[in-house]
file structure-v2.cif (mmCIF, C-alpha atoms)
data_work
#
loop_
_atom_site.label_atom_id
_atom_site.label_comp_id
_atom_site.auth_asym_id
_atom_site.auth_seq_id
_atom_site.Cartn_x
_atom_site.Cartn_y
_atom_site.Cartn_z
CA MET A 1 77.92 81.72 91.65
CA GLY A 2 78.88 83.52 94.87
CA VAL A 3 81.72 85.86 95.74
CA GLU A 4 84.38 84.16 97.84
CA LYS A 5 87.37 86.08 96.54
CA LEU A 6 87.61 89.57 95.09
CA LEU A 7 90.33 91.68 93.52
CA PHE A 8 90.25 95.28 94.77
CA VAL A 9 92.06 97.47 92.27
CA THR A 10 92.97 100.93 93.47
CA GLN A 11 95.20 103.69 92.15
CA PHE A 12 94.61 105.59 95.42
CA GLU A 13 92.74 108.29 93.53
CA GLU A 14 89.23 106.88 93.44
CA LEU A 15 88.86 103.99 95.89
CA TRP A 16 89.97 104.08 99.52
CA PHE A 17 89.48 101.96 102.61
CA ASP A 18 85.87 103.05 103.10
CA ALA A 19 85.14 101.68 99.61
CA LEU A 20 86.60 98.38 100.71
CA GLN A 21 84.56 98.41 103.90
CA SER A 22 81.40 98.99 101.87
CA LEU A 23 82.05 95.57 100.26
CA MET A 24 82.30 93.69 103.53
CA GLU A 25 78.62 92.78 103.52
CA LEU A 26 79.70 90.26 100.87
CA LYS A 27 80.96 88.17 103.80
CA LYS A 28 77.34 87.10 104.22
CA ALA A 29 77.52 85.75 100.67
CA GLY A 30 80.74 83.83 101.28
CA LEU A 31 83.49 86.43 100.82
CA ASN A 32 86.60 85.25 102.67
CA HIS A 33 89.55 86.48 100.62
CA VAL A 34 90.40 90.00 99.45
CA VAL A 35 93.34 90.70 97.16
CA PHE A 36 94.55 94.31 96.89
CA MET A 37 96.10 95.51 93.70
CA HIS A 38 97.96 98.68 92.79
CA VAL A 39 99.64 99.17 89.42
CA ILE A 40 102.31 101.82 89.01
CA ASP A 41 102.19 103.14 85.47
CA ARG A 42 105.44 102.24 83.75
CA ASP A 43 105.60 105.77 82.32
CA LYS A 44 106.00 107.15 85.84
CA VAL A 45 109.25 105.27 86.38
CA ALA A 46 110.39 104.78 82.78
CA MET A 47 113.81 105.61 81.38
CA ARG A 48 114.56 109.33 81.22
CA ARG A 49 117.28 110.79 79.10
CA GLY A 50 120.32 111.31 81.27
CA ARG A 51 118.65 109.77 84.34
CA GLY A 52 118.10 106.13 83.31
CA TYR A 53 115.41 103.97 84.87
CA LEU A 54 113.94 105.74 87.90
CA LYS A 55 114.49 102.93 90.40
CA ASP A 56 114.22 105.28 93.37
CA GLU A 57 110.84 106.50 92.13
CA GLU A 58 109.65 102.92 91.71
CA VAL A 59 110.70 102.05 95.28
CA LYS A 60 108.95 105.18 96.58
CA PHE A 61 105.68 104.37 94.78
CA LYS A 62 105.79 100.71 95.80
CA GLU A 63 106.50 101.45 99.45
CA THR A 64 103.75 104.08 99.60
CA ALA A 65 101.26 101.50 98.31
CA ASN A 66 102.68 98.89 100.65
CA VAL A 67 102.21 101.10 103.72
CA ARG A 68 98.56 101.66 102.78
CA PHE A 69 97.89 98.01 102.02
CA ILE A 70 99.50 96.83 105.27
CA ASP A 71 97.20 99.14 107.22
CA TRP A 72 94.12 97.88 105.37
CA ALA A 73 95.24 94.26 105.56
CA GLU A 74 95.67 94.43 109.34
CA THR A 75 92.03 95.43 109.74
CA LEU A 76 90.80 92.61 107.50
CA PHE A 77 93.13 89.95 108.93
CA GLU A 78 91.82 90.71 112.39
CA GLN A 79 88.29 90.10 111.10
CA GLY A 80 89.40 86.60 110.07
CA MET A 81 89.64 87.47 106.39
CA GLU A 82 92.37 86.10 104.12
CA VAL A 83 94.22 88.97 102.43
CA GLY A 84 96.76 89.25 99.61
CA ALA A 85 98.38 92.05 97.66
CA HIS A 86 99.92 92.78 94.28
CA ILE A 87 101.97 95.94 93.76
CA LEU A 88 103.30 95.95 90.23
CA VAL A 89 104.81 98.21 87.59
CA GLY A 90 103.26 98.08 84.13
CA LYS A 91 100.05 98.79 82.28
CA LEU A 92 96.93 98.65 84.43
CA VAL A 93 94.60 96.49 82.36
CA PRO A 94 96.94 93.62 81.37
CA LYS A 95 98.21 93.42 84.95
CA VAL A 96 94.68 93.31 86.38
CA VAL A 97 93.55 90.65 83.88
CA SER A 98 96.60 88.54 84.63
CA ALA A 99 96.30 88.88 88.45
CA ALA A 100 92.57 88.12 88.34
CA GLN A 101 93.26 84.90 86.44
CA GLU A 102 96.19 83.90 88.61
CA GLU A 103 94.23 84.47 91.80
CA GLY A 104 91.00 82.95 90.47
CA VAL A 105 88.81 85.78 91.77
CA ASP A 106 85.02 85.89 91.44
CA LEU A 107 84.79 89.68 91.20
CA ILE A 108 87.01 92.59 90.19
CA VAL A 109 86.30 95.90 91.94
CA THR A 110 87.65 99.06 90.37
CA GLY A 111 86.96 102.76 90.11
CA TYR A 112 86.46 104.46 86.78
CA HIS A 113 89.94 104.96 85.35
CA LYS A 114 90.23 107.60 82.67
CA ARG A 115 92.94 108.10 80.10
CA GLY A 116 94.09 111.28 78.42
CA LYS A 117 91.37 112.90 76.26
CA ILE A 118 92.78 111.90 72.88
CA GLU A 119 93.76 108.40 73.96
CA GLU A 120 90.32 107.90 75.49
CA LEU A 121 88.69 109.01 72.27
CA TYR A 122 90.38 106.19 70.37
CA ALA A 123 90.79 103.49 72.99
CA GLY A 124 88.10 104.28 75.56
CA SER A 125 88.85 104.31 79.28
CA GLU A 126 90.98 101.72 81.02
CA THR A 127 87.85 100.50 82.77
CA ILE A 128 86.14 99.86 79.44
CA GLU A 129 89.23 98.06 78.18
CA LEU A 130 89.16 95.89 81.29
CA LEU A 131 85.50 95.05 80.67
CA GLN A 132 86.36 94.03 77.14
CA ARG A 133 89.22 91.78 78.22
CA THR A 134 87.84 89.78 81.11
CA SER A 135 85.04 87.28 81.59
CA ILE A 136 85.00 87.99 85.34
CA PRO A 137 82.25 90.30 86.66
CA VAL A 138 83.51 93.85 87.25
CA LEU A 139 82.10 96.27 89.80
CA VAL A 140 82.77 99.87 88.81
CA HIS A 141 82.48 101.16 92.33
CA LYS A 142 81.08 104.55 93.22
CA TYR A 143 80.57 104.33 96.91
CA ILE A 144 79.88 107.89 97.96
CA LEU A 145 76.19 108.78 97.98
CA PRO A 146 75.04 112.20 96.75
CA SER A 147 74.60 113.01 100.45
CA GLY A 148 78.35 112.57 100.88
CA LYS A 149 77.92 109.43 102.98
CA VAL A 150 79.41 106.03 102.17
CA ASN A 151 76.90 103.54 100.82
CA GLU A 152 77.15 100.66 103.27
CA ARG A 153 74.29 98.65 101.81
CA LEU A 154 75.49 98.34 98.30
CA PHE A 155 73.94 95.00 97.41
CA GLU A 156 70.69 95.36 99.29
CA ARG A 157 68.55 96.71 96.46
CA PRO A 158 70.13 96.27 93.03
CA LEU A 159 68.50 97.22 89.79
CA LEU A 160 69.00 94.57 87.11
CA ALA A 161 68.93 95.99 83.59
CA ALA A 162 67.73 92.97 81.66
CA ASP A 163 67.92 92.22 78.01
CA TRP A 164 67.45 88.72 76.73
CA TYR A 165 71.08 87.81 76.07
CA PRO A 166 73.21 85.21 77.93
CA ALA A 167 75.23 87.86 79.78
CA SER A 168 72.02 89.23 81.25
CA GLU A 169 71.09 85.75 82.44
CA ARG A 170 74.51 85.40 84.05
CA ALA A 171 74.00 88.76 85.77
CA MET A 172 70.76 87.38 87.19
CA GLU A 173 72.56 84.24 88.40
CA PHE A 174 75.23 86.42 89.98
CA LEU A 175 72.59 88.24 92.01
CA ILE A 176 70.94 84.98 93.00
CA GLY A 177 74.36 83.92 94.33
CA LEU A 178 74.15 86.91 96.68
CA SER A 179 70.80 85.85 98.09
CA GLY A 180 72.07 86.33 101.66
CA ILE A 181 72.36 90.07 101.17
CA VAL A 182 70.13 91.04 98.25
CA GLN A 183 66.71 91.96 99.61
CA LYS A 184 64.89 93.20 96.55
CA VAL A 185 65.76 93.39 92.87
CA GLU A 186 64.18 95.94 90.58
CA VAL A 187 64.20 94.26 87.16
CA ILE A 188 63.88 96.60 84.21
CA HIS A 189 63.94 96.31 80.47
CA VAL A 190 64.22 99.34 78.20
CA VAL A 191 62.52 99.36 74.83
CA SER A 192 63.91 101.93 72.42
CA GLU A 193 61.50 104.49 70.98
CA LYS A 194 62.93 103.69 67.57
CA SER A 195 61.81 100.10 67.78
CA LEU A 196 58.24 101.25 68.44
CA LYS A 197 58.14 103.89 65.70
CA GLY A 198 55.64 103.18 62.96
CA SER A 199 54.27 100.19 64.79
CA SER A 200 50.56 99.78 65.14
CA ALA A 201 48.99 99.99 68.60
CA MET A 202 48.60 96.25 68.43
CA ALA A 203 52.31 95.74 67.65
CA VAL A 204 53.34 98.06 70.50
CA GLN A 205 51.11 96.20 72.91
CA LYS A 206 52.52 92.92 71.66
CA THR A 207 56.06 94.16 72.37
CA ARG A 208 55.00 95.30 75.82
CA LYS A 209 53.30 92.00 76.59
CA GLU A 210 56.24 89.92 75.40
CA SER A 211 58.77 92.01 77.35
CA ARG A 212 56.59 91.87 80.41
CA ARG A 213 56.35 88.09 80.17
CA LYS A 214 60.15 87.79 80.07
CA LEU A 215 60.55 90.19 82.96
CA ASP A 216 58.07 88.18 85.01
CA GLU A 217 60.06 85.02 84.31
CA ILE A 218 63.17 86.71 85.73
CA CYS A 219 61.24 87.90 88.77
CA ALA A 220 59.93 84.37 89.31
CA ALA A 221 63.52 83.06 89.31
CA PHE A 222 64.38 85.53 92.07
CA HIS A 223 61.24 84.67 94.05
CA ASP A 224 62.20 80.98 93.88
CA GLU A 225 65.42 81.90 95.70
CA GLY A 226 63.62 83.93 98.32
CA ILE A 227 64.52 87.31 96.82
CA GLU A 228 61.80 89.88 96.30
CA ALA A 229 61.68 91.21 92.73
CA GLU A 230 59.60 93.71 90.79
CA ALA A 231 59.40 94.13 87.01
CA HIS A 232 59.40 97.48 85.18
CA LEU A 233 59.30 98.33 81.50
CA TYR A 234 60.77 101.65 80.36
CA VAL A 235 60.89 103.31 76.94
CA GLY A 236 63.69 105.52 75.62
CA ASN A 237 67.47 105.73 75.62
CA ALA A 238 68.70 102.68 77.50
CA ALA A 239 71.45 104.16 79.67
CA GLU A 240 69.36 107.24 80.54
CA GLN A 241 66.31 105.16 81.43
CA ILE A 242 68.31 102.69 83.51
CA ASN A 243 69.74 105.57 85.51
CA ARG A 244 66.33 107.16 85.86
CA ALA A 245 64.83 103.87 87.03
CA ALA A 246 67.64 103.41 89.56
CA ARG A 247 66.85 106.85 91.00
CA GLU A 248 63.07 106.38 90.94
CA ARG A 249 63.21 102.94 92.55
CA GLY A 250 65.80 103.81 95.19
CA ALA A 251 68.28 101.26 93.87
CA SER A 252 71.61 100.73 95.61
CA MET A 253 73.44 99.76 92.42
CA ILE A 254 72.95 98.92 88.75
CA VAL A 255 73.67 95.43 87.39
CA ALA A 256 73.89 94.63 83.68
CA GLY A 257 75.33 92.05 81.33
CA THR A 258 78.07 92.91 78.83
CA THR A 259 79.32 91.39 75.61
CA GLY A 260 82.13 89.33 77.07
CA LYS A 261 84.96 88.28 74.83
CA GLY A 262 84.43 87.79 71.15
CA HIS A 263 80.85 88.98 70.95
CA LEU A 264 79.73 91.94 68.90
CA ARG A 265 76.40 93.04 70.23
CA GLU A 266 77.61 96.59 70.33
CA LYS A 267 74.30 98.47 70.54
CA TRP A 268 72.91 97.20 73.81
CA LEU A 269 75.73 95.20 75.28
CA GLY A 270 78.50 97.50 74.19
CA SER A 271 77.47 101.11 74.41
CA VAL A 272 75.07 100.87 77.34
CA PRO A 273 77.53 99.37 79.83
CA LYS A 274 80.13 101.88 78.66
CA GLU A 275 77.80 104.77 79.32
CA LEU A 276 76.68 103.36 82.65
CA ALA A 277 80.26 102.78 83.83
CA LYS A 278 81.27 106.27 82.83
CA GLN A 279 78.22 108.42 83.54
CA SER A 280 76.07 106.79 86.18
CA GLU A 281 76.22 108.06 89.74
CA PHE A 282 75.42 104.51 90.88
CA PRO A 283 77.92 101.68 91.36
CA VAL A 284 77.67 99.52 88.23
CA LEU A 285 78.21 95.78 88.30
CA LEU A 286 78.89 94.51 84.79
CA VAL A 287 78.71 90.78 84.16
CA PRO A 288 80.15 89.38 80.92
CA ALA A 289 78.68 86.35 79.22
CA HIS A 290 80.39 83.16 80.32
CA VAL A 291 83.25 82.28 78.03
CA GLU A 292 84.18 78.62 77.75
CA PRO A 293 87.92 78.08 78.06
CA ALA A 294 89.59 77.25 74.74
CA GLY A 295 89.41 73.58 73.90
CA SER A 296 86.52 72.82 76.26
CA MET B 297 125.55 70.94 103.33
CA GLY B 298 124.33 73.54 105.84
CA LYS B 299 120.91 73.52 107.39
CA ARG B 300 118.16 74.46 105.00
CA VAL B 301 115.93 77.49 105.49
CA LEU B 302 112.81 78.10 103.44
CA VAL B 303 112.23 81.80 102.69
CA VAL B 304 108.61 82.61 101.80
CA ASP B 305 108.25 86.18 100.51
CA ASP B 306 106.96 87.82 97.33
CA ASP B 307 109.32 90.81 97.48
CA PRO B 308 112.48 90.03 95.48
CA ASP B 309 114.49 92.67 97.39
CA ILE B 310 113.63 91.06 100.73
CA VAL B 311 114.36 87.59 99.36
CA THR B 312 117.80 88.77 98.19
CA PHE B 313 118.48 90.30 101.61
CA VAL B 314 117.45 87.19 103.56
CA VAL B 315 119.24 84.79 101.22
CA THR B 316 122.43 86.86 101.58
CA VAL B 317 122.19 86.70 105.38
CA LEU B 318 121.59 82.95 105.21
CA GLU B 319 124.45 82.23 102.85
CA GLU B 320 126.90 84.40 104.79
CA ASN B 321 126.06 82.35 107.85
CA GLY B 322 126.46 78.97 106.17
CA TYR B 323 122.82 78.06 105.61
CA THR B 324 121.23 76.80 102.41
CA SER B 325 118.20 78.72 101.23
CA LEU B 326 115.03 77.52 99.55
CA ILE B 327 112.64 80.08 98.10
CA ALA B 328 108.87 80.35 97.61
CA LYS B 329 107.01 83.50 96.61
CA ASN B 330 103.66 82.95 98.32
CA GLY B 331 102.02 80.85 101.00
CA GLU B 332 100.65 78.27 98.58
CA ALA B 333 104.06 77.63 96.99
CA GLY B 334 105.64 77.82 100.44
CA MET B 335 103.43 75.05 101.78
CA SER B 336 104.21 72.81 98.82
CA LYS B 337 107.92 73.46 99.29
CA ALA B 338 107.70 72.75 103.02
CA ILE B 339 106.00 69.40 102.38
CA GLU B 340 108.45 68.50 99.65
CA GLU B 341 111.71 69.67 101.25
CA ARG B 342 111.13 69.49 105.03
CA PRO B 343 113.35 72.51 105.76
CA ASP B 344 115.01 73.10 109.14
CA MET B 345 113.43 76.53 109.48
CA ILE B 346 110.93 78.78 107.68
CA ILE B 347 111.21 82.56 107.39
CA LEU B 348 107.72 83.72 106.54
CA ASP B 349 106.21 86.95 105.22
CA ILE B 350 102.49 87.60 105.83
CA LEU B 351 100.99 89.79 103.08
CA MET B 352 101.52 87.93 99.81
CA PRO B 353 99.57 87.07 96.67
CA LYS B 354 97.70 83.74 96.33
CA GLU B 355 97.95 82.72 100.01
CA SER B 356 98.99 84.74 103.03
CA GLY B 357 101.56 83.78 105.64
CA ILE B 358 98.74 83.66 108.17
CA LYS B 359 97.03 80.83 106.33
CA MET B 360 100.30 79.04 105.62
CA TYR B 361 101.34 79.27 109.27
CA ARG B 362 98.04 77.74 110.28
CA GLY B 363 98.57 74.95 107.74
CA LEU B 364 102.03 74.24 109.15
CA LYS B 365 100.79 74.07 112.72
CA ASP B 366 97.86 71.83 111.78
CA ASP B 367 100.17 69.33 110.06
CA GLU B 368 101.72 66.77 112.41
CA SER B 369 104.79 66.33 110.22
CA LEU B 370 105.49 70.07 109.82
CA LYS B 371 104.36 71.61 113.10
CA LYS B 372 107.80 71.33 114.76
CA ILE B 373 109.63 73.33 112.08
CA PRO B 374 110.61 76.63 113.72
CA VAL B 375 109.10 79.69 112.04
CA ILE B 376 110.40 83.23 112.07
CA VAL B 377 107.79 85.67 110.81
CA LEU B 378 109.38 88.60 108.99
CA SER B 379 106.67 91.03 107.96
CA GLY B 380 105.35 94.58 107.95
CA ILE B 381 102.13 93.29 109.51
CA ALA B 382 102.03 93.87 113.27
CA ARG B 383 102.51 90.91 115.63
CA ARG B 384 99.25 91.79 117.38
CA THR B 385 97.37 91.43 114.08
CA PHE B 386 99.03 88.07 113.44
CA LEU B 387 97.95 86.75 116.84
CA ARG B 388 94.41 88.07 116.49
CA SER B 389 94.06 86.57 113.02
CA GLN B 390 95.24 83.19 114.30
CA GLU B 391 92.57 83.44 116.99
CA ALA B 392 89.99 84.25 114.31
CA LEU B 393 91.01 81.07 112.46
CA THR B 394 90.50 78.94 115.56
CA GLY B 395 87.07 77.40 115.37
CA PRO B 396 85.11 76.08 118.36
CA GLY B 397 86.73 72.88 119.66
CA ASN B 398 89.99 73.53 117.76
CA GLN B 399 93.31 74.08 119.44
CA SER B 400 94.80 77.50 118.95
CA ALA B 401 98.08 77.65 117.07
CA PRO B 402 101.22 78.27 119.16
CA GLU B 403 103.06 81.54 118.62
CA PRO B 404 105.93 81.52 116.13
CA GLU B 405 109.47 81.16 117.47
CA ALA B 406 110.16 84.80 116.60
CA TYR B 407 108.27 87.72 115.10
CA LEU B 408 110.35 90.40 113.40
CA GLU B 409 108.80 93.47 111.90
CA LYS B 410 110.41 94.71 108.68
CA PRO B 411 112.91 96.22 108.26
CA VAL B 412 115.41 94.18 110.21
CA GLU B 413 119.21 94.43 110.57
CA PRO B 414 121.22 91.51 109.14
CA GLU B 415 122.84 90.77 112.51
CA GLU B 416 119.47 90.65 114.26
CA LEU B 417 118.11 88.21 111.69
CA ALA B 418 121.23 86.04 111.77
CA GLU B 419 121.17 85.92 115.55
CA MET B 420 117.53 84.88 115.56
CA ILE B 421 118.17 82.11 113.04
CA ARG B 422 121.11 80.77 115.08
CA LYS B 423 118.95 80.78 118.18
CA PHE B 424 116.46 78.27 116.74
CA ILE B 425 118.53 75.96 114.51
#
call {"tool": "encode", "arguments": {"input": "structure-v2.cif", "output": "structure tokens"}}
result
Amino acid sequence: MGVEKLLFVTQFEELWFDALQSLMELKKAGLNHVVFMHVIDRDKVAMRRGRGYLKDEEVKFKETANVRFIDWAETLFEQGMEVGAHILVGKLVPKVVSAAQEEGVDLIVTGYHKRGKIEELYAGSETIELLQRTSIPVLVHKYILPSGKVNERLFERPLLAADWYPASERAMEFLIGLSGIVQKVEVIHVVSEKSLKGSSAMAVQKTRKESRRKLDEICAAFHDEGIEAEAHLYVGNAAEQINRAARERGASMIVAGTTGKGHLREKWLGSVPKELAKQSEFPVLLVPAHVEPAGS
Amino acid sequence: MGKRVLVVDDDPDIVTFVVTVLEENGYTSLIAKNGEAGMSKAIEERPDMIILDILMPKESGIKMYRGLKDDESLKKIPVIVLSGIARRTFLRSQEALTGPGNQSAPEPEAYLEKPVEPEELAEMIRKFI
């Protein structure tokens, strides 16, 4: 698993050219094709009473995106990169899912797209909906460091939040596929306080030992591929502890597995990635479990 | 039947414009909406000319152009590039695709930056077929 082709989704509010540039180190891991995508919300150009379909507005939005993409594409073409673009009218998530499938990308890069407060309460953000609807890894990109500088070494020191589910294993494989650029992986597992409550000292130590053994196995897999890795066990609220660990360990991004389609492991695989995508100040790479195509 | 021109562009408005120019000047148009489909169509139909956009989904005009020029049976088809991407970028990207020991691709017959007037396009087509 490497990244040869990525879909860069921008609404020109959250991700700009410097965000794209921060991904160019993926060239060392095989990246050779970038596809830009901008989706104009249908509501912005929809029928209005007495005015009909706002064709002029649609043309204006499309051409604005086109001007920006042409400028970006020229820079990448000159670097020998293959570049494509989709500028479409419709709903963001279905269009992204469809373009990602059509293009056969290895990674979707997006910002965190919010909805209105009430809609978000019921349906979650568009980013969360995207995570629920694709089996392609999604990078929720936050590329500006607290210092105000662009993070140019995004993949150098990822923190892998490991549980023991298949999606987590796929996240590990994804990072191994980036062995040309990943220097060190901080591998952490978070044990909830609740799961330790009422346990005897012996039981707690048993949990610690077992978790540690699994973490060491993951680290060994990285070492086998020439990637340095260090195991850490944290206790507490998962999303909070993952963030804390990322800060403490100087991580460049957070990587975690998600449910993927059709799975219902809501507690760890559902709520934690949601919180990370929404709240974390770090870029968050979320890797769904592999889903076999129907009939295979 | 008039000479056949393959139009490779993902923008339906541009396709309509180019097809109108072609038909008004007695040419037959073939259409593909990206470089991948364009290459298949070129192999299948052997058009007399190709009018090629650059920035498209699936496969760019830069890659398709390279494929045309690397194919003995297609390399002589005249190509007019019609794109918003600057000519300088096109030439540099072709250089970037030229590996050590490989021949560089020749320049296209014409390079027109969008937008273009119908007369200018028609004149350019007549010049090469």
call {"tool": "residues_around", "arguments": {"input": "structure-v2.cif", "residues": "A:Leu178", "least_positions_apart": "2", "cutoff": "10 Å", "atoms": "only C-alpha atoms", "output": "PyMOL selection string"}}
result
chain A and resi 1-3+26-30+155-156+173-176+180-183+227
call {"tool": "closest_residue", "arguments": {"input": "structure-v2.cif", "among": "B:Asn330, B:Ser336, B:Ser325, B:Thr316", "to": "chain A", "atoms": "only C-alpha atoms"}}
result
B:Asn330
call {"tool": "interface_residues", "arguments": {"input": "structure-v2.cif", "of": "chain A", "to": "chain B", "cutoff": "9 Å", "atoms": "all atoms listed in the file", "output": "list in words"}}
result
Val35, Phe36, Asn66, Val67, Phe69, Ile70, Asp71, Ala73, Glu74, Thr75, Leu76, Phe77, Glu78, Gln79, Gly80, Met81, Glu82, Val83, Gly84, Ala85, His86, Glu102, Glu103 and Gly104 of chain A
call {"tool": "atom_distance", "arguments": {"input": "structure-v2.cif", "atom1": "atom CA of A:Lys206", "atom2": "atom CA of A:Leu276"}}
result
28.5 Å
call {"tool": "resolve_selection", "arguments": {"input": "structure-v2.cif", "expression": "the PyMOL selection byres ((chain B and resi 326) around 8)", "output": "number ranges by chain"}}
result
B: 300-303, 324-325, 327-328
call {"tool": "resolve_selection", "arguments": {"input": "structure-v2.cif", "expression": "the PyMOL selection byres ((chain B and resi 412) around 12)", "output": "PyMOL selection string"}}
result
chain B and resi 310+313-314+317+377-380+407-411+413-420
call {"tool": "write_last_selection", "arguments": {"input": "structure-v2.cif", "atoms": "C-alpha atoms", "output": "compact mmCIF listing (two decimals), in the frame of the given file"}}
result
# COMPACT_ATOMS: atom_id res chain seq x y z
CA ILE B 310 113.63 91.06 100.73
CA PHE B 313 118.48 90.30 101.61
CA VAL B 314 117.45 87.19 103.56
CA VAL B 317 122.19 86.70 105.38
CA VAL B 377 107.79 85.67 110.81
CA LEU B 378 109.38 88.60 108.99
CA SER B 379 106.67 91.03 107.96
CA GLY B 380 105.35 94.58 107.95
CA TYR B 407 108.27 87.72 115.10
CA LEU B 408 110.35 90.40 113.40
CA GLU B 409 108.80 93.47 111.90
CA LYS B 410 110.41 94.71 108.68
CA PRO B 411 112.91 96.22 108.26
CA GLU B 413 119.21 94.43 110.57
CA PRO B 414 121.22 91.51 109.14
CA GLU B 415 122.84 90.77 112.51
CA GLU B 416 119.47 90.65 114.26
CA LEU B 417 118.11 88.21 111.69
CA ALA B 418 121.23 86.04 111.77
CA GLU B 419 121.17 85.92 115.55
CA MET B 420 117.53 84.88 115.56
call {"tool": "residues_around", "arguments": {"input": "structure-v2.cif", "residues": "stretch 88-91 of chain A", "least_positions_apart": "5", "cutoff": "9 Å", "atoms": "only C-alpha atoms", "output": "VMD selection string"}}
result
chain A and resid 37 to 43 45 58 62 96
call {"tool": "atom_distance", "arguments": {"input": "structure-v2.cif", "atom1": "atom CA of A:Arg244", "atom2": "atom CA of A:Ala277"}}
result
14.7 Å
